[in-house]
Amino acid sequence: MPPSFALSAAGNVALAWGGVLFWLCLGFAALFLQRARGLNDLIFPLGALGALFMAGVGIAGVLGTPTAIVLPIGLPDLPFHLRLDPLSGFFLTLLGGAAFGVTLVAWGYFRSLESGPLALIALWYHLFLAGMATVLLADDAYAFMVAWEVMALSSYFLVTSAHDQPEIRRAGFLYLLIAHVGAVALLLCFGVLQGGAGDYTFNSMRLAETTPYWASVAYLLALFGFGAKAGLVPLHVWLPEAHPAAPSPVSALMSGVMLKTAIYGLLRVTFDLLNIQLAWWGTLALALGLISALYGVIFAAVQSDMKRLLAWSSIENIGVILAGFGLTLIFHTDGKGALAALALTATLYHALNHAFFKGLLFTGAGAVLHTTGERNMDKLGGLMRVMPWTAWLTLIGALAIAGLPPLNGFVSEWLLLQAFLFTPGLNQPYLNMLIPVATAAVALAAALAAYVMVKFFGVTFLGVTRSGVVAQAHEAGCRERIGMIWLAAGCVLLGLFPAQVIGWLAPVARQLTGHTLPNDGNWLLLAPLDAERASYAPLLFLAVVAATLLLVFVWVRRVYHGHVRHAAPWDCGYPEQDARMQDTAEGFGQPIRHIFSAFMGVEREEPDPFDRQPRHSSATLDQIWFFVYLPIARLSNWISAQFGRLQHGSIQWYLIYSFATLIFLLVFVTG
Amino acid sequence: MATRTWLPAAEIPPSPPLEKGGTRLSAAASVSTIAAYSASKKGGAMTTGILLQLLQTLAAILLAPLLLGWVNQCRAWLQGRGAPPLTQPYRVLRKLFHKDAVIAHNASPLFRFAPYMIFACMALAAGIVPTFANDLPFSPAADAIALVGVFALARVFLALAAMDIGTAFGSLGARREMLVSFLAEPALLMVFFTASLISHSTALPTIVETLAHKHFVIYPSMAFAAVAFWMVSTAENARIPVDNPSTHLELTMIHEAMILEYSARHLALIEWAVALKLFTYSALGIALFLPWGIAARGDLAALPLAALTLLVKMMAGGAALALLEAVSAKLRLFRAPEYLGTAFMLAVLGMLTHFLLEA
């Protein structure tokens, strides 16, 4: 281990814990000093600096050897174990990198709040950050679950910060409910993992010998528990509700970072804590991931609410990440270590990318929402002329998430497709049949993502204003802009220097799969396996496009002329044009709704022929809600009602209950 | 940076063996392949490569309208009309470049930037695809997947520019274009994957090398891929049966609806990019399915013959396109997804066939 990467005597983990404490202090300082003037201008910038520090510690953590500390807090005999290894370091970098940009945006976004609500938001916000960081650092189940709950609860309070609206309370309740159902599964999972030893440190779990049966039980519980947090179909229903309800920087953090803690947990449990992996786990994860990806992107295409659209798109991206995880497992269990490293690299790369571009898109949408007060894209439009900074930065995010070169989304998609392509001769014949279909599904999801992003960007920022709310719109403040520039720069740099990022990821791949991708030191060319098989040089790509662009521009201007006349839009000479003739968000999604109507319920409102003010509308409904959740809700209601019959309010009955219980216990004890 | 096989042999089958006579063409950065040459020739080979690259890109850019003119001419003959001269597309471009651009009041900078971007993307695509010669210096920059990405980038910019003015037809065209592309793009990707499963590489030069310079082998999977590729190319190039390039009915337009607001030099660039796209797709189809005759790397003597065979193939392909357009009708818009869905299924079937019969 190169000792230069250990930044302090106690190791990087102590520094990371310092960062967590710093965030905690900031949060409570905001609460106790809420009367102080200019508090906002102090707390959020410091929080952002803390995030940057965390990212630095994370980078060092990936490169250095694992360090661990034991903290004498918590219950007696149950201290917190913390550990920073490459896997934690990677996700800590993701957290810090995305949180830096988002916190700068939050600084501007929450500026207009009054001191009371602001202090509360600052408290929950920093607790949320600290909770997520501790989840990544935890090295025993107890610390992990405490941090997990801190993360869930603080984000719940952030989601419901506008709790005077009933639908936001409902969204918050749904989120809390599913988060806790997931947490119960995680508790059970850790219970299985400790294997009866009674020691809940991760170290003892690593050493525990698990039978395939119990390992599968633990894996399924982890998949359920972390899947509930990640928004895996069919556990995704809270996501499209909670993300629109939360303030935009919080949505950015939840979508960009919090969902990734679930991916972290899944990787940790599957590859680190469990000492055996079975092939069918990977197939299951691959199938679930692909279903999530396609389901998410199809529903994203038919949304009109921009934050709901982004939330569905998060489901899609989590699906892609999980598919990559499944592929890693398949290769790993098949003994193809190098390919497992490739698939894992693609998975991690996509997770990192998603933190940046989804953070950027949510903050861009937040800037629009902040200035117009409108989330419905059908009422927006033409914002590119009013808020050019926001529009161009959001465009970078949209192009990146659509998987277009030379931005970062393309790199991870490329790596994942390469991993799919180099699967000759897996030992299971059914997998060889499955792989082409899975590849097709990934390609289809990526192409649909482009559809979704053209819709999102085109309807919101381009065209003609559809309502008066845009008239008073103004450009985002400079704090928001700096935050968005950071996130956009992340999208561009991660896209242009993939070889460096992959080189940096090597320790994580080695830790989990035992293999790394070769690093040939060629910084220009990304060739994960062999340049003969596949290569991609984003810088060269960009240079050629830029050079051609410049040449053509100069040539056209020089050889011909630059004359321009401005006129009214032509539109084939139709004289009466107004903003309502453009495609609405609903209209843009109509083809998708038409094609995939079998997968979604559509509720139409047709106007009456005699209606003076006819209105046509259609809403798309998530069938899973009706076929899975409502029956469960009805069942639990029914069971509660049956138990409710025991309640009569008359004292005689209660006395009989007590008496019967006593008799039963006596019989039980004596017998 | 020598080529090396670092994976255990059991994991990935070795690259297909090469014929004795054929030069090993690799997609490895030309730097690496050139290193195999003697040191004295090193600089010379590099310069030749770059020159060849520039020559091919320029030739593609300059000749692309000619192919469009040829297709139009064939179509006019088949329809019993008097044909416009072969150089008609050049005249149109010249006319457009000389006019004053008329731009809507509310156009954003994106609207004016998009034509340049689209043209640059298509020029890059034309530079990547092996047309006359194989293994060009740009090739390592982008493989088959990145090529699909380049087309997608151009398309997204065109669709966004179409939505920028806020007219009814613009957004209609953008929506339809994205509808067509979301099925066409994965189908194209699947076609490439079938080819790359055969050659164990997604690098276009390696694919073409494997298919062109090996013993003649019939790949059943490539038959599926070829049909799928033809279907996808008609859709991606806005040809019948998905779109009609010569339509005057706004309500049936897809591609034309998107560029209604463009005029003069911007329109000229887009039209040129369209011609370039048709040329690139033709070159791609030829390289994948009829690659025989393409010049091997560094084989300058073979270039004239390669250019000649390419010319013949392109003419035949253009004539076939015109013939199929003359005998078929445009599909209703919602039949287009079925058509493209078929292409997608065929391409996936091609991959499955590869695993079943050829693996």
# chains A, B, ... in the order shown; residues from 1 in each chain; ligands from 1
$ select_by_dssp --residues "range 420-594 of chain A" --states "strand (DSSP E)" --output "PyMOL selection string"
chain A and resi 564-567
$ write_last_selection --atoms "C-alpha atoms" --output "PDB file, in the first residue's frame"
ATOM      1  CA  VAL A 564     -29.703  36.769 -41.566  1.00  0.00           C
ATOM      2  CA  ARG A 565     -33.217  38.126 -41.741  1.00  0.00           C
ATOM      3  CA  HIS A 566     -35.594  37.740 -38.838  1.00  0.00           C
ATOM      4  CA  ALA A 567     -39.225  36.983 -39.524  1.00  0.00           C
TER       5      ALA A 567
END
$ residues_around --residues "Phe100 in chain A" --least-positions-apart "2" --cutoff "7 Å" --atoms "only C-alpha atoms" --output "list in words"
Ala48, Leu49, Ala51, Leu52, Gly96, Gly97, Ala98, Val102, Thr103 and Leu104 of chain A
$ interface_residues --of "chain B" --to "chain A" --cutoff "6 Å" --atoms "only C-alpha atoms" --output "PyMOL selection string"
chain B and resi 26-28+100-105+116+120+140-142+149+153+160+163-168+171+175+178+182+186+201-203
$ write_last_selection --atoms "N, CA, C and O atoms" --output "CSV table (one decimal), in the first residue's frame"
chain,number,residue,atom,x,y,z
B,26,SER,N,-5.8,-4.0,-37.6
B,26,SER,CA,-6.3,-4.0,-36.3
B,26,SER,C,-7.0,-2.6,-36.0
B,26,SER,O,-6.7,-1.6,-36.6
B,27,ALA,N,-7.9,-2.7,-35.1
B,27,ALA,CA,-8.5,-1.4,-34.7
B,27,ALA,C,-7.7,-0.8,-33.6
B,27,ALA,O,-8.0,0.3,-33.1
B,28,ALA,N,-6.7,-1.5,-33.2
B,28,ALA,CA,-5.9,-0.9,-32.1
B,28,ALA,C,-5.4,0.4,-32.6
B,28,ALA,O,-5.2,0.6,-33.8
B,100,ASP,N,-30.1,34.5,-48.3
B,100,ASP,CA,-30.1,35.0,-47.0
B,100,ASP,C,-30.9,34.1,-46.1
B,100,ASP,O,-31.9,33.6,-46.4
B,101,ALA,N,-30.3,33.8,-44.9
B,101,ALA,CA,-31.1,33.0,-43.9
B,101,ALA,C,-32.2,33.7,-43.3
B,101,ALA,O,-32.1,34.9,-42.9
B,102,VAL,N,-33.4,33.1,-43.3
B,102,VAL,CA,-34.5,33.7,-42.6
B,102,VAL,C,-34.8,32.9,-41.4
B,102,VAL,O,-34.9,31.7,-41.4
B,103,ILE,N,-34.8,33.6,-40.2
B,103,ILE,CA,-34.9,32.9,-39.0
B,103,ILE,C,-36.0,33.5,-38.2
B,103,ILE,O,-36.2,34.7,-38.2
B,104,ALA,N,-36.8,32.6,-37.5
B,104,ALA,CA,-37.9,33.1,-36.7
B,104,ALA,C,-37.4,34.0,-35.6
B,104,ALA,O,-36.3,33.8,-35.1
B,105,HIS,N,-38.2,35.0,-35.2
B,105,HIS,CA,-37.8,35.9,-34.1
B,105,HIS,C,-37.4,35.2,-32.9
B,105,HIS,O,-36.5,35.7,-32.2
B,116,TYR,N,-24.8,23.0,-37.8
B,116,TYR,CA,-23.4,22.8,-37.8
B,116,TYR,C,-23.1,21.5,-37.0
B,116,TYR,O,-22.2,20.7,-37.4
B,120,ALA,N,-21.3,18.2,-38.5
B,120,ALA,CA,-20.1,17.7,-37.9
B,120,ALA,C,-20.2,16.2,-37.5
B,120,ALA,O,-19.3,15.4,-37.7
B,140,PRO,N,-10.0,4.1,-34.1
B,140,PRO,CA,-10.1,3.8,-32.7
B,140,PRO,C,-10.9,4.7,-31.9
B,140,PRO,O,-11.2,4.4,-30.7
B,141,ALA,N,-11.1,5.9,-32.4
B,141,ALA,CA,-11.8,6.9,-31.6
B,141,ALA,C,-13.3,6.5,-31.3
B,141,ALA,O,-13.8,6.8,-30.3
B,142,ALA,N,-13.8,5.7,-32.2
B,142,ALA,CA,-15.2,5.3,-32.0
B,142,ALA,C,-15.5,4.0,-32.7
B,142,ALA,O,-15.1,3.8,-33.9
B,149,GLY,N,-24.0,6.1,-31.4
B,149,GLY,CA,-24.1,7.3,-30.6
B,149,GLY,C,-24.0,8.6,-31.4
B,149,GLY,O,-24.7,9.5,-31.1
B,153,LEU,N,-26.7,11.4,-31.5
B,153,LEU,CA,-26.4,12.8,-31.1
B,153,LEU,C,-27.0,13.8,-32.1
B,153,LEU,O,-27.6,14.8,-31.8
B,160,LEU,N,-34.4,18.6,-31.1
B,160,LEU,CA,-34.5,19.8,-30.2
B,160,LEU,C,-34.6,21.0,-31.0
B,160,LEU,O,-35.4,21.9,-30.7
B,163,MET,N,-38.1,21.6,-32.1
B,163,MET,CA,-39.0,22.1,-31.1
B,163,MET,C,-38.7,23.5,-30.7
B,163,MET,O,-39.5,24.1,-29.9
B,164,ASP,N,-37.6,24.1,-31.2
B,164,ASP,CA,-37.2,25.4,-30.6
B,164,ASP,C,-38.1,26.5,-31.0
B,164,ASP,O,-38.4,27.4,-30.2
B,165,ILE,N,-38.6,26.5,-32.2
B,165,ILE,CA,-39.4,27.6,-32.7
B,165,ILE,C,-40.8,27.6,-32.0
B,165,ILE,O,-41.5,28.6,-31.8
B,166,GLY,N,-41.3,26.4,-31.7
B,166,GLY,CA,-42.6,26.3,-31.1
B,166,GLY,C,-43.7,26.2,-32.1
B,166,GLY,O,-44.8,26.7,-31.8
B,167,THR,N,-43.5,25.6,-33.3
B,167,THR,CA,-44.6,25.5,-34.2
B,167,THR,C,-45.2,24.1,-34.1
B,167,THR,O,-44.6,23.2,-33.5
B,168,ALA,N,-46.4,24.0,-34.7
B,168,ALA,CA,-47.1,22.7,-34.5
B,168,ALA,C,-46.4,21.6,-35.3
B,168,ALA,O,-46.2,20.5,-34.7
B,171,SER,N,-42.8,20.4,-33.6
B,171,SER,CA,-42.8,19.4,-32.5
B,171,SER,C,-43.4,18.1,-32.9
B,171,SER,O,-43.0,17.0,-32.4
B,175,ARG,N,-41.4,14.6,-32.4
B,175,ARG,CA,-42.0,13.5,-31.7
B,175,ARG,C,-42.0,12.2,-32.5
B,175,ARG,O,-41.6,11.1,-32.1
B,178,MET,N,-38.4,10.8,-32.9
B,178,MET,CA,-38.0,10.1,-31.7
B,178,MET,C,-38.7,8.8,-31.6
B,178,MET,O,-38.1,7.8,-31.2
B,182,PHE,N,-36.5,5.3,-31.5
B,182,PHE,CA,-36.3,4.5,-30.3
B,182,PHE,C,-36.4,3.0,-30.6
B,182,PHE,O,-35.9,2.2,-29.9
B,186,PRO,N,-31.9,0.7,-31.3
B,186,PRO,CA,-31.5,-0.6,-30.8
B,186,PRO,C,-31.4,-1.6,-31.8
B,186,PRO,O,-30.6,-2.5,-31.7
B,201,SER,N,-15.3,-8.4,-31.9
B,201,SER,CA,-14.8,-7.0,-31.8
B,201,SER,C,-15.9,-6.1,-32.2
B,201,SER,O,-16.7,-6.4,-33.0
B,202,THR,N,-16.0,-4.9,-31.5
B,202,THR,CA,-16.9,-3.9,-32.0
B,202,THR,C,-16.2,-2.9,-32.8
B,202,THR,O,-16.9,-1.9,-33.2
B,203,ALA,N,-15.0,-3.0,-33.0
B,203,ALA,CA,-14.2,-2.0,-33.8
B,203,ALA,C,-14.6,-2.3,-35.3
B,203,ALA,O,-14.4,-3.4,-35.8
$ atom_distance --atom1 "CA of Asn203 in chain A" --atom2 "CA of Phe144 in chain A"
13.3 Å
$ select_by_dssp --residues "range 248-463 of chain A" --states "helix (DSSP H, G or I)" --output "NGL selection string"
:A and (248-273 or 279-301 or 306-333 or 337-372 or 377-379 or 383-386 or 388-401 or 408-421 or 429-461)
$ residues_around --residues "Thr67 in chain A" --least-positions-apart "6" --cutoff "7 Å" --atoms "only C-alpha atoms" --output "PyMOL selection string"
chain A and resi 11-13+83-85
$ write_last_selection --atoms "N, CA and C atoms" --output "short mmCIF file (atom, residue, chain, number, x, y, z; two decimals), in the first residue's frame"
data_model
loop_
_atom_site.label_atom_id
_atom_site.label_comp_id
_atom_site.auth_asym_id
_atom_site.auth_seq_id
_atom_site.Cartn_x
_atom_site.Cartn_y
_atom_site.Cartn_z
N GLY A 11 -5.69 7.00 10.00
CA GLY A 11 -6.18 6.51 8.72
C GLY A 11 -7.29 7.38 8.19
N ASN A 12 -7.63 7.08 6.95
CA ASN A 12 -8.63 7.89 6.27
C ASN A 12 -9.99 7.81 6.94
N VAL A 13 -10.24 6.68 7.59
CA VAL A 13 -11.57 6.51 8.17
C VAL A 13 -11.82 7.55 9.26
N ARG A 83 -15.23 1.56 8.98
CA ARG A 83 -14.15 1.06 8.15
C ARG A 83 -14.24 1.73 6.80
N LEU A 84 -13.10 2.12 6.27
CA LEU A 84 -13.07 2.74 4.95
C LEU A 84 -12.21 1.86 4.05
N ASP A 85 -12.87 1.15 3.15
CA ASP A 85 -12.14 0.35 2.18
C ASP A 85 -12.44 0.92 0.79
#
$ closest_residue --among "A:Thr160, A:Gln428, A:Thr347, A:Gln642" --to "Gly409 in chain A" --atoms "only C-alpha atoms"
A:Thr347
$ decode --residues "range 295-335 of chain B" --atoms "N, CA and C atoms" --output "compact mmCIF listing (two decimals), in the first residue's frame"
# COMPACT_ATOMS: atom_id res chain seq x y z
N ALA B 295 -9.96 -1.96 -49.72
CA ALA B 295 -8.49 -1.96 -49.69
C ALA B 295 -8.00 -2.26 -48.28
N ALA B 296 -7.01 -3.11 -48.18
CA ALA B 296 -6.43 -3.42 -46.88
C ALA B 296 -5.53 -2.26 -46.45
N ARG B 297 -5.13 -2.31 -45.19
CA ARG B 297 -4.37 -1.21 -44.63
C ARG B 297 -3.02 -1.06 -45.31
N GLY B 298 -2.69 0.17 -45.67
CA GLY B 298 -1.39 0.44 -46.25
C GLY B 298 -1.26 -0.05 -47.68
N ASP B 299 -2.34 -0.64 -48.20
CA ASP B 299 -2.29 -1.18 -49.55
C ASP B 299 -2.78 -0.11 -50.52
N LEU B 300 -1.88 0.80 -50.85
CA LEU B 300 -2.30 1.94 -51.66
C LEU B 300 -2.65 1.51 -53.08
N ALA B 301 -1.99 0.46 -53.54
CA ALA B 301 -2.21 0.03 -54.91
C ALA B 301 -3.64 -0.46 -55.11
N ALA B 302 -4.24 -0.96 -54.03
CA ALA B 302 -5.59 -1.51 -54.15
C ALA B 302 -6.65 -0.42 -54.14
N LEU B 303 -6.24 0.81 -53.83
CA LEU B 303 -7.24 1.87 -53.66
C LEU B 303 -8.07 2.14 -54.90
N PRO B 304 -7.45 2.27 -56.09
CA PRO B 304 -8.28 2.56 -57.27
C PRO B 304 -9.33 1.48 -57.50
N LEU B 305 -8.90 0.22 -57.34
CA LEU B 305 -9.85 -0.88 -57.54
C LEU B 305 -10.96 -0.81 -56.48
N ALA B 306 -10.55 -0.50 -55.26
CA ALA B 306 -11.52 -0.41 -54.17
C ALA B 306 -12.54 0.68 -54.47
N ALA B 307 -12.06 1.82 -54.97
CA ALA B 307 -12.96 2.91 -55.28
C ALA B 307 -13.93 2.49 -56.39
N LEU B 308 -13.40 1.75 -57.34
CA LEU B 308 -14.25 1.32 -58.46
C LEU B 308 -15.34 0.36 -57.97
N THR B 309 -14.92 -0.65 -57.18
CA THR B 309 -15.92 -1.60 -56.69
C THR B 309 -16.95 -0.87 -55.82
N LEU B 310 -16.47 0.08 -55.03
CA LEU B 310 -17.40 0.82 -54.18
C LEU B 310 -18.42 1.54 -55.05
N LEU B 311 -17.94 2.15 -56.13
CA LEU B 311 -18.82 2.89 -57.02
C LEU B 311 -19.91 1.96 -57.56
N VAL B 312 -19.47 0.79 -58.03
CA VAL B 312 -20.44 -0.15 -58.59
C VAL B 312 -21.45 -0.57 -57.54
N LYS B 313 -20.95 -0.89 -56.34
CA LYS B 313 -21.85 -1.35 -55.28
C LYS B 313 -22.83 -0.25 -54.90
N MET B 314 -22.31 0.99 -54.79
CA MET B 314 -23.17 2.10 -54.41
C MET B 314 -24.26 2.31 -55.45
N MET B 315 -23.87 2.21 -56.72
CA MET B 315 -24.86 2.42 -57.78
C MET B 315 -25.93 1.34 -57.71
N ALA B 316 -25.48 0.12 -57.50
CA ALA B 316 -26.45 -0.96 -57.40
C ALA B 316 -27.36 -0.75 -56.19
N GLY B 317 -26.75 -0.37 -55.07
CA GLY B 317 -27.54 -0.15 -53.86
C GLY B 317 -28.54 0.97 -54.04
N GLY B 318 -28.10 2.06 -54.65
CA GLY B 318 -28.99 3.20 -54.89
C GLY B 318 -30.14 2.80 -55.79
N ALA B 319 -29.81 2.02 -56.84
CA ALA B 319 -30.86 1.58 -57.75
C ALA B 319 -31.85 0.68 -57.02
N ALA B 320 -31.34 -0.20 -56.15
CA ALA B 320 -32.23 -1.08 -55.39
C ALA B 320 -33.14 -0.26 -54.49
N LEU B 321 -32.56 0.75 -53.86
CA LEU B 321 -33.36 1.60 -52.98
C LEU B 321 -34.48 2.27 -53.77
N ALA B 322 -34.12 2.81 -54.94
CA ALA B 322 -35.12 3.47 -55.76
C ALA B 322 -36.19 2.49 -56.20
N LEU B 323 -35.77 1.28 -56.54
CA LEU B 323 -36.74 0.28 -57.00
C LEU B 323 -37.72 -0.05 -55.87
N LEU B 324 -37.16 -0.30 -54.67
CA LEU B 324 -38.05 -0.64 -53.56
C LEU B 324 -38.96 0.53 -53.22
N GLU B 325 -38.47 1.73 -53.36
CA GLU B 325 -39.31 2.89 -53.07
C GLU B 325 -40.42 3.02 -54.11
N ALA B 326 -40.07 2.64 -55.34
CA ALA B 326 -41.07 2.80 -56.40
C ALA B 326 -42.20 1.80 -56.25
N VAL B 327 -41.89 0.62 -55.71
CA VAL B 327 -42.94 -0.40 -55.66
C VAL B 327 -43.63 -0.47 -54.30
N SER B 328 -43.21 0.33 -53.33
CA SER B 328 -43.89 0.23 -52.04
C SER B 328 -44.48 1.58 -51.67
N ALA B 329 -45.38 1.53 -50.71
CA ALA B 329 -46.04 2.76 -50.28
C ALA B 329 -45.62 3.09 -48.86
N LYS B 330 -45.83 4.34 -48.48
CA LYS B 330 -45.49 4.74 -47.13
C LYS B 330 -46.47 4.10 -46.15
N LEU B 331 -45.95 3.69 -45.01
CA LEU B 331 -46.80 3.09 -43.99
C LEU B 331 -47.51 4.17 -43.21
N ARG B 332 -48.66 3.80 -42.66
CA ARG B 332 -49.29 4.70 -41.68
C ARG B 332 -48.34 4.84 -40.50
N LEU B 333 -48.43 5.97 -39.84
CA LEU B 333 -47.45 6.24 -38.80
C LEU B 333 -47.41 5.13 -37.76
N PHE B 334 -48.58 4.65 -37.33
CA PHE B 334 -48.54 3.65 -36.26
C PHE B 334 -48.29 2.24 -36.77
N ARG B 335 -48.12 2.11 -38.10
CA ARG B 335 -47.60 0.85 -38.57
C ARG B 335 -46.08 0.86 -38.53
